[in-house]
$ cat coords.tsv   # TSV, C-alpha atoms
chain	number	residue	atom	x	y	z
A	1348	MET	CA	-22.86	36.25	-13.37
A	1349	ARG	CA	-24.25	33.15	-11.65
A	1350	LYS	CA	-22.56	30.91	-14.23
A	1351	VAL	CA	-19.20	32.57	-13.57
A	1352	ILE	CA	-19.58	32.14	-9.81
A	1353	PHE	CA	-20.69	28.52	-10.27
A	1354	VAL	CA	-17.71	27.76	-12.53
A	1355	LEU	CA	-15.33	29.50	-10.12
A	1356	VAL	CA	-16.69	27.60	-7.09
A	1357	SER	CA	-16.57	24.30	-9.02
A	1358	PHE	CA	-12.96	24.96	-10.01
A	1359	ILE	CA	-11.96	25.79	-6.43
A	1360	LEU	CA	-13.67	22.67	-5.07
A	1361	CYS	CA	-12.15	20.45	-7.74
A	1362	PHE	CA	-8.67	21.98	-7.37
A	1363	GLY	CA	-8.90	21.75	-3.56
A	1364	THR	CA	-9.83	18.08	-3.80
A	1365	MET	CA	-6.90	17.41	-6.14
A	1366	MET	CA	-4.55	19.22	-3.76
A	1367	ALA	CA	-5.85	17.20	-0.79
A	1368	GLN	CA	-5.35	13.93	-2.67
A	1369	GLU	CA	-1.83	14.90	-3.71
A	1370	SER	CA	-0.85	15.39	-0.06
A	1371	ILE	CA	-1.98	11.85	0.78
A	1372	GLY	CA	1.18	9.99	-0.12
A	1373	VAL	CA	3.72	7.67	1.41
A	1374	GLY	CA	5.86	9.53	3.94
A	1375	TYR	CA	3.25	12.17	4.76
A	1376	VAL	CA	1.74	12.52	8.23
A	1377	TYR	CA	-1.97	11.74	8.42
A	1378	THR	CA	-3.96	13.25	11.29
A	1379	PHE	CA	-7.24	11.57	12.21
A	1380	ASP	CA	-10.32	13.39	13.52
A	1381	ASP	CA	-9.52	12.21	17.06
A	1382	GLY	CA	-6.12	13.96	16.90
A	1383	SER	CA	-4.03	10.78	16.65
A	1384	ARG	CA	-1.57	10.70	13.79
A	1385	GLY	CA	0.89	8.51	11.98
A	1386	VAL	CA	3.06	8.32	8.89
A	1387	ILE	CA	1.48	6.92	5.73
A	1388	PHE	CA	3.30	3.81	4.53
A	1389	TYR	CA	0.71	2.53	2.03
A	1390	THR	CA	-1.93	4.27	-0.07
A	1391	ASP	CA	-4.06	3.47	-3.08
A	1392	GLY	CA	-4.61	7.20	-3.63
A	1393	GLU	CA	-7.76	7.41	-1.55
A	1394	HIS	CA	-7.32	4.98	1.35
A	1395	GLY	CA	-4.25	3.65	3.07
A	1396	LEU	CA	-2.36	2.69	6.20
A	1397	VAL	CA	-0.35	4.71	8.69
A	1398	VAL	CA	2.18	3.58	11.26
A	1399	SER	CA	2.27	5.01	14.79
A	1400	MET	CA	4.80	7.68	15.72
A	1401	THR	CA	6.27	5.56	18.54
A	1402	ASP	CA	6.81	1.94	19.49
A	1403	THR	CA	7.18	-0.13	22.64
A	1404	LYS	CA	8.26	-3.62	23.74
A	1405	ALA	CA	5.56	-6.07	24.76
A	1406	GLN	CA	4.57	-9.73	24.83
A	1407	TRP	CA	2.34	-11.03	22.05
A	1408	CYS	CA	0.26	-12.61	24.80
A	1409	THR	CA	0.73	-13.46	28.45
A	1410	ARG	CA	2.04	-16.84	29.57
A	1411	LYS	CA	-1.46	-18.02	30.46
A	1412	TYR	CA	-2.43	-17.92	26.76
A	1413	ALA	CA	1.01	-18.59	25.27
A	1414	LYS	CA	0.25	-22.19	24.24
A	1415	ILE	CA	-3.27	-21.86	22.86
A	1416	ASP	CA	-4.46	-21.47	19.27
A	1417	ILE	CA	-6.46	-18.27	19.00
A	1418	PHE	CA	-9.99	-19.00	17.83
A	1419	ASP	CA	-10.84	-17.35	14.45
A	1420	LEU	CA	-7.18	-16.59	13.71
A	1421	PRO	CA	-5.68	-18.42	10.72
A	1422	ASN	CA	-2.34	-20.12	11.30
A	1423	ASN	CA	0.15	-18.79	8.77
A	1424	CYS	CA	3.88	-18.75	9.43
A	1425	GLU	CA	4.69	-16.60	6.40
A	1426	ALA	CA	4.37	-12.92	5.60
A	1427	LYS	CA	4.53	-11.35	2.16
A	1428	PRO	CA	5.17	-7.66	1.51
A	1429	LYS	CA	1.80	-6.93	-0.04
A	1430	ILE	CA	-1.45	-5.36	1.02
A	1431	SER	CA	-4.24	-7.59	-0.22
A	1432	GLN	CA	-6.92	-6.06	1.98
A	1433	LEU	CA	-6.93	-2.99	4.20
A	1434	GLU	CA	-7.17	-3.65	7.93
A	1435	GLU	CA	-6.24	-7.33	7.73
A	1436	GLY	CA	-4.46	-6.89	11.06
A	1437	ALA	CA	-7.53	-5.24	12.61
A	1438	ALA	CA	-9.49	-8.48	12.28
A	1439	TYR	CA	-6.56	-10.47	13.66
A	1440	SER	CA	-6.12	-8.04	16.57
A	1441	LYS	CA	-9.82	-8.34	17.43
A	1442	ALA	CA	-9.59	-12.15	17.42
A	1443	ILE	CA	-6.57	-12.01	19.73
A	1444	HIS	CA	-8.23	-9.43	22.02
A	1445	ASP	CA	-11.47	-11.43	22.24
A	1446	PHE	CA	-9.66	-14.63	23.24
A	1447	ALA	CA	-6.47	-13.77	25.14
A	1448	TYR	CA	-4.74	-11.00	27.01
A	1449	SER	CA	-2.23	-9.47	24.62
A	1450	PRO	CA	-0.04	-6.62	25.89
A	1451	ALA	CA	0.97	-5.94	22.26
A	1452	VAL	CA	-2.64	-5.55	21.09
A	1453	GLN	CA	-3.56	-3.56	24.21
A	1454	TRP	CA	-0.74	-1.09	23.53
A	1455	CYS	CA	-1.96	-0.61	19.96
A	1456	TYR	CA	-5.56	-0.15	21.15
A	1457	SER	CA	-4.37	2.47	23.67
A	1458	HIS	CA	-3.73	4.83	20.75
A	1459	GLY	CA	-7.50	5.10	20.24
A	1460	ALA	CA	-10.25	3.66	18.08
A	1461	GLY	CA	-9.05	2.12	14.84
A	1462	TRP	CA	-5.43	1.40	15.85
A	1463	TYR	CA	-4.33	-2.26	15.80
A	1464	LEU	CA	-1.38	-4.66	15.69
A	1465	PRO	CA	-0.47	-5.08	11.99
A	1466	SER	CA	-0.70	-8.42	10.23
A	1467	GLY	CA	2.46	-10.10	9.01
A	1468	ASN	CA	1.77	-8.91	5.46
A	1469	GLU	CA	1.20	-5.29	6.55
A	1470	LEU	CA	4.35	-5.28	8.66
A	1471	SER	CA	6.37	-6.92	5.88
A	1472	TYR	CA	5.14	-4.25	3.45
A	1473	LEU	CA	6.15	-1.51	5.91
A	1474	PHE	CA	9.73	-2.79	6.23
A	1475	ASN	CA	10.38	-4.24	2.76
A	1476	ILE	CA	8.55	-1.85	0.43
A	1477	ALA	CA	7.79	1.41	2.24
A	1478	ASN	CA	11.00	1.69	4.27
A	1479	ARG	CA	13.06	-0.23	1.66
A	1480	GLN	CA	14.90	-2.38	4.23
A	1481	LYS	CA	16.83	0.71	5.41
A	1482	ILE	CA	16.10	0.82	9.11
A	1483	HIS	CA	17.23	4.34	10.02
A	1484	SER	CA	17.66	5.85	6.56
A	1485	GLY	CA	14.45	4.60	4.97
A	1486	SER	CA	11.76	7.08	3.98
A	1487	ILE	CA	9.34	6.04	6.74
A	1488	SER	CA	11.98	6.30	9.49
A	1489	LYS	CA	13.00	9.72	8.16
A	1490	ALA	CA	9.38	10.89	8.08
A	1491	LEU	CA	8.80	9.64	11.62
A	1492	ARG	CA	11.84	11.55	12.95
A	1493	ARG	CA	11.08	14.67	10.90
A	1494	ASN	CA	7.61	14.84	12.46
A	1495	GLY	CA	8.58	14.30	16.09
A	1496	GLY	CA	8.22	10.52	16.15
A	1497	LYS	CA	10.64	7.70	16.78
A	1498	ALA	CA	12.34	5.99	13.82
A	1499	LEU	CA	11.87	2.28	13.27
A	1500	GLN	CA	14.32	0.38	15.44
A	1501	LYS	CA	16.73	-2.46	14.93
A	1502	GLY	CA	15.10	-5.60	16.26
A	1503	TRP	CA	12.08	-7.85	15.85
A	1504	TYR	CA	8.52	-6.47	15.65
A	1505	TRP	CA	5.43	-8.48	16.48
A	1506	SER	CA	2.68	-8.92	13.93
A	1507	SER	CA	-0.85	-10.08	14.70
A	1508	SER	CA	-0.33	-13.19	12.54
A	1509	GLU	CA	-0.27	-16.44	14.47
A	1510	CYS	CA	1.93	-19.29	13.25
A	1511	ASP	CA	0.73	-22.02	15.60
A	1512	ARG	CA	-0.41	-22.39	19.19
A	1513	LYS	CA	3.00	-21.39	20.62
A	1514	ASN	CA	4.43	-18.99	18.01
A	1515	ALA	CA	3.53	-15.79	16.22
A	1516	VAL	CA	5.12	-14.08	13.22
A	1517	ASN	CA	7.65	-11.34	13.78
A	1518	ILE	CA	9.66	-9.28	11.33
A	1519	ASP	CA	12.98	-7.52	11.77
A	1520	GLU	CA	14.24	-4.20	10.45
A	1521	ASP	CA	15.60	-5.86	7.29
A	1522	GLY	CA	12.20	-7.36	6.49
A	1523	ASP	CA	13.21	-10.90	7.47
A	1524	VAL	CA	10.32	-13.05	8.66
A	1525	ALA	CA	10.58	-15.47	11.60
A	1526	THR	CA	8.39	-16.95	14.30
A	1527	GLU	CA	8.91	-16.67	18.01
A	1528	LEU	CA	7.29	-17.78	21.24
A	1529	LYS	CA	4.26	-15.59	21.98
A	1530	LYS	CA	5.25	-15.08	25.61
A	1531	LEU	CA	8.46	-13.21	24.68
A	1532	LYS	CA	8.75	-9.43	24.43
A	1533	ASN	CA	9.38	-7.83	21.05
A	1534	LEU	CA	8.95	-4.38	19.55
A	1535	VAL	CA	5.43	-3.25	18.66
A	1536	ARG	CA	4.12	-0.55	16.27
A	1537	ALA	CA	0.46	0.29	15.87
A	1538	VAL	CA	-1.20	0.69	12.47
A	1539	ARG	CA	-4.44	2.38	11.42
A	1540	ALA	CA	-6.34	2.64	8.15
A	1541	PHE	CA	-7.77	5.84	6.65

$ encode --input "coords.tsv" --output "structure tokens"
Amino acid sequence: MRKVIFVLVSFILCFGTMMAQESIGVGYVYTFDDGSRGVIFYTDGEHGLVVSMTDTKAQWCTRKYAKIDIFDLPNNCEAKPKISQLEEGAAYSKAIHDFAYSPAVQWCYSHGAGWYLPSGNELSYLFNIANRQKIHSGSISKALRRNGGKALQKGWYWSSSECDRKNAVNIDEDGDVATELKKLKNLVRAVRAF
């Protein structure tokens, strides 16, 4: 009798784990322990990245810091649609936050612990791969709307990637990469890893 119960419990636990993993896919909503949530746009099956349900417009940094290289932030004017390491943008956001006042980073941090301004690569992946360069009709925009959020918008979004002392990388709804003066306002979406 004990063997039957053990086998039954093992099956339930294993099946439950498989079911939980199956529901962690691109386009699903992920709710964190703190109650914040976002739509999954990248996953390796166990870990991944979510994008916030809303966005805002903000400066990359205030005018006071708009012409200064951020210490510990690599200068890279490009962005590729690939995730080479989870939370790349978290390290960049921390470097920006520790050195300058960034309304964009502050807005992302206001979502709670773990949220950050995505790197150029993370943002490029979101628009080019996950949302397939289809601003309103892409799978991520649809998932955001379906779950009470705001679809990705037409326009330029800030990344946490710095190009040089005056410019940072931004990406538009079609996945095009450009650089723009840090003091200007652009759209901002927060990202968080799970």

$ atom_distance --input "coords.tsv" --atom1 "atom CA of A:Asp1380" --atom2 "atom CA of A:Leu1396"
15.2 Å

$ closest_residue --input "coords.tsv" --among "A:Asn1533, A:Lys1481, A:Glu1527, A:Ser1399" --to "A:Tyr1456" --atoms "all atoms listed in the file"
A:Ser1399

$ closest_residue --input "coords.tsv" --among "A:Asp1391, A:Asp1519, A:Asp1402, A:Glu1469" --to "A:Ala1451" --atoms "all atoms listed in the file"
A:Asp1402

$ closest_residue --input "coords.tsv" --among "A:Asp1419, A:Glu1393, A:Glu1435, A:Asp1521" --to "A:Ser1484" --atoms "all atoms listed in the file"
A:Asp1521

$ residues_around --input "coords.tsv" --residues "A:Trp1505" --least-positions-apart "4" --cutoff "9 Å" --atoms "only C-alpha atoms" --output "PyMOL selection string"
chain A and resi 1405-1407+1451+1464-1467+1470+1515-1519+1532-1536

$ closest_residue --input "coords.tsv" --among "A:Gly1461, A:Asn1468, A:Asn1478, A:Ile1443" --to "A:Val1538" --atoms "all atoms listed in the file"
A:Gly1461

$ closest_residue --input "coords.tsv" --among "A:Ala1490, A:Arg1384, A:Gly1392, A:Tyr1463" --to "A:Ala1477" --atoms "only C-alpha atoms"
A:Ala1490

$ atom_distance --input "coords.tsv" --atom1 "atom CA of A:Phe1418" --atom2 "atom CA of A:Ser1471"
23.6 Å

$ atom_distance --input "coords.tsv" --atom1 "atom CA of A:Val1524" --atom2 "atom CA of A:Lys1414"
20.7 Å

$ residues_around --input "coords.tsv" --residues "A:Tyr1375" --least-positions-apart "6" --cutoff "9 Å" --atoms "all atoms listed in the file" --output "ChimeraX atom specification"
/A:1385-1388,1487,1490

$ residues_around --input "coords.tsv" --residues "A:Glu1509" --least-positions-apart "2" --cutoff "9 Å" --atoms "all atoms listed in the file" --output "PyMOL selection string"
chain A and resi 1416-1417+1420-1424+1439+1467+1506-1507+1511-1516+1526+1529

$ closest_residue --input "coords.tsv" --among "A:Gly1485, A:Gly1496, A:Pro1428, A:Gly1395" --to "A:Ala1540" --atoms "only C-alpha atoms"
A:Gly1395

$ axis_aligned_box --input "coords.tsv" --around "stretch 1499-1507 of chain A" --padding-each-side "3 Å" --output "lines of an AutoDock Vina configuration file"
center_x = 7.9
center_y = -3.9
center_z = 14.9
size_x = 23.6
size_y = 18.4
size_z = 9.2

$ decode --input "coords.tsv" --residues "stretch 1509-1524 of chain A" --atoms "N, CA, C and O atoms" --output "PDB file, in the first residue's frame"
ATOM      1  N   GLU A1509      24.684  52.245 -23.259  1.00  0.00           N
ATOM      2  CA  GLU A1509      25.239  53.561 -23.567  1.00  0.00           C
ATOM      3  C   GLU A1509      26.113  53.459 -24.815  1.00  0.00           C
ATOM      4  O   GLU A1509      26.899  52.525 -24.951  1.00  0.00           O
ATOM      5  N   CYS A1510      25.959  54.430 -25.713  1.00  0.00           N
ATOM      6  CA  CYS A1510      26.774  54.462 -26.926  1.00  0.00           C
ATOM      7  C   CYS A1510      28.068  55.245 -26.673  1.00  0.00           C
ATOM      8  O   CYS A1510      29.152  54.772 -26.941  1.00  0.00           O
ATOM      9  N   ASP A1511      27.923  56.429 -26.145  1.00  0.00           N
ATOM     10  CA  ASP A1511      29.060  57.277 -25.811  1.00  0.00           C
ATOM     11  C   ASP A1511      28.611  58.255 -24.722  1.00  0.00           C
ATOM     12  O   ASP A1511      27.518  58.106 -24.175  1.00  0.00           O
ATOM     13  N   ARG A1512      29.414  59.248 -24.432  1.00  0.00           N
ATOM     14  CA  ARG A1512      29.075  60.121 -23.310  1.00  0.00           C
ATOM     15  C   ARG A1512      27.792  60.918 -23.511  1.00  0.00           C
ATOM     16  O   ARG A1512      27.151  61.327 -22.552  1.00  0.00           O
ATOM     17  N   LYS A1513      27.368  61.142 -24.761  1.00  0.00           N
ATOM     18  CA  LYS A1513      26.161  61.934 -25.018  1.00  0.00           C
ATOM     19  C   LYS A1513      24.948  61.115 -25.445  1.00  0.00           C
ATOM     20  O   LYS A1513      23.823  61.584 -25.359  1.00  0.00           O
ATOM     21  N   ASN A1514      25.166  59.895 -25.944  1.00  0.00           N
ATOM     22  CA  ASN A1514      24.091  59.121 -26.566  1.00  0.00           C
ATOM     23  C   ASN A1514      23.913  57.743 -25.942  1.00  0.00           C
ATOM     24  O   ASN A1514      24.878  57.124 -25.493  1.00  0.00           O
ATOM     25  N   ALA A1515      22.675  57.276 -25.996  1.00  0.00           N
ATOM     26  CA  ALA A1515      22.346  55.925 -25.562  1.00  0.00           C
ATOM     27  C   ALA A1515      21.575  55.238 -26.688  1.00  0.00           C
ATOM     28  O   ALA A1515      21.057  55.895 -27.597  1.00  0.00           O
ATOM     29  N   VAL A1516      21.519  53.928 -26.628  1.00  0.00           N
ATOM     30  CA  VAL A1516      20.855  53.132 -27.662  1.00  0.00           C
ATOM     31  C   VAL A1516      19.353  53.117 -27.433  1.00  0.00           C
ATOM     32  O   VAL A1516      18.882  52.917 -26.312  1.00  0.00           O
ATOM     33  N   ASN A1517      18.618  53.340 -28.518  1.00  0.00           N
ATOM     34  CA  ASN A1517      17.170  53.179 -28.463  1.00  0.00           C
ATOM     35  C   ASN A1517      16.719  52.348 -29.652  1.00  0.00           C
ATOM     36  O   ASN A1517      17.422  52.242 -30.655  1.00  0.00           O
ATOM     37  N   ILE A1518      15.559  51.736 -29.515  1.00  0.00           N
ATOM     38  CA  ILE A1518      15.048  50.819 -30.522  1.00  0.00           C
ATOM     39  C   ILE A1518      13.584  51.142 -30.775  1.00  0.00           C
ATOM     40  O   ILE A1518      12.825  51.385 -29.834  1.00  0.00           O
ATOM     41  N   ASP A1519      13.194  51.127 -32.047  1.00  0.00           N
ATOM     42  CA  ASP A1519      11.801  51.439 -32.364  1.00  0.00           C
ATOM     43  C   ASP A1519      10.975  50.159 -32.513  1.00  0.00           C
ATOM     44  O   ASP A1519      11.488  49.044 -32.402  1.00  0.00           O
ATOM     45  N   GLU A1520       9.690  50.361 -32.770  1.00  0.00           N
ATOM     46  CA  GLU A1520       8.743  49.252 -32.824  1.00  0.00           C
ATOM     47  C   GLU A1520       9.053  48.236 -33.926  1.00  0.00           C
ATOM     48  O   GLU A1520       8.656  47.077 -33.853  1.00  0.00           O
ATOM     49  N   ASP A1521       9.810  48.638 -34.938  1.00  0.00           N
ATOM     50  CA  ASP A1521      10.197  47.729 -36.015  1.00  0.00           C
ATOM     51  C   ASP A1521      11.508  47.010 -35.714  1.00  0.00           C
ATOM     52  O   ASP A1521      12.000  46.245 -36.545  1.00  0.00           O
ATOM     53  N   GLY A1522      12.092  47.296 -34.565  1.00  0.00           N
ATOM     54  CA  GLY A1522      13.353  46.669 -34.193  1.00  0.00           C
ATOM     55  C   GLY A1522      14.576  47.391 -34.709  1.00  0.00           C
ATOM     56  O   GLY A1522      15.695  46.901 -34.579  1.00  0.00           O
ATOM     57  N   ASP A1523      14.389  48.576 -35.304  1.00  0.00           N
ATOM     58  CA  ASP A1523      15.526  49.362 -35.796  1.00  0.00           C
ATOM     59  C   ASP A1523      16.297  49.939 -34.613  1.00  0.00           C
ATOM     60  O   ASP A1523      15.702  50.382 -33.629  1.00  0.00           O
ATOM     61  N   VAL A1524      17.605  49.940 -34.728  1.00  0.00           N
ATOM     62  CA  VAL A1524      18.482  50.429 -33.659  1.00  0.00           C
ATOM     63  C   VAL A1524      19.044  51.788 -34.049  1.00  0.00           C
ATOM     64  O   VAL A1524      19.463  51.991 -35.184  1.00  0.00           O
TER      65      VAL A1524
END
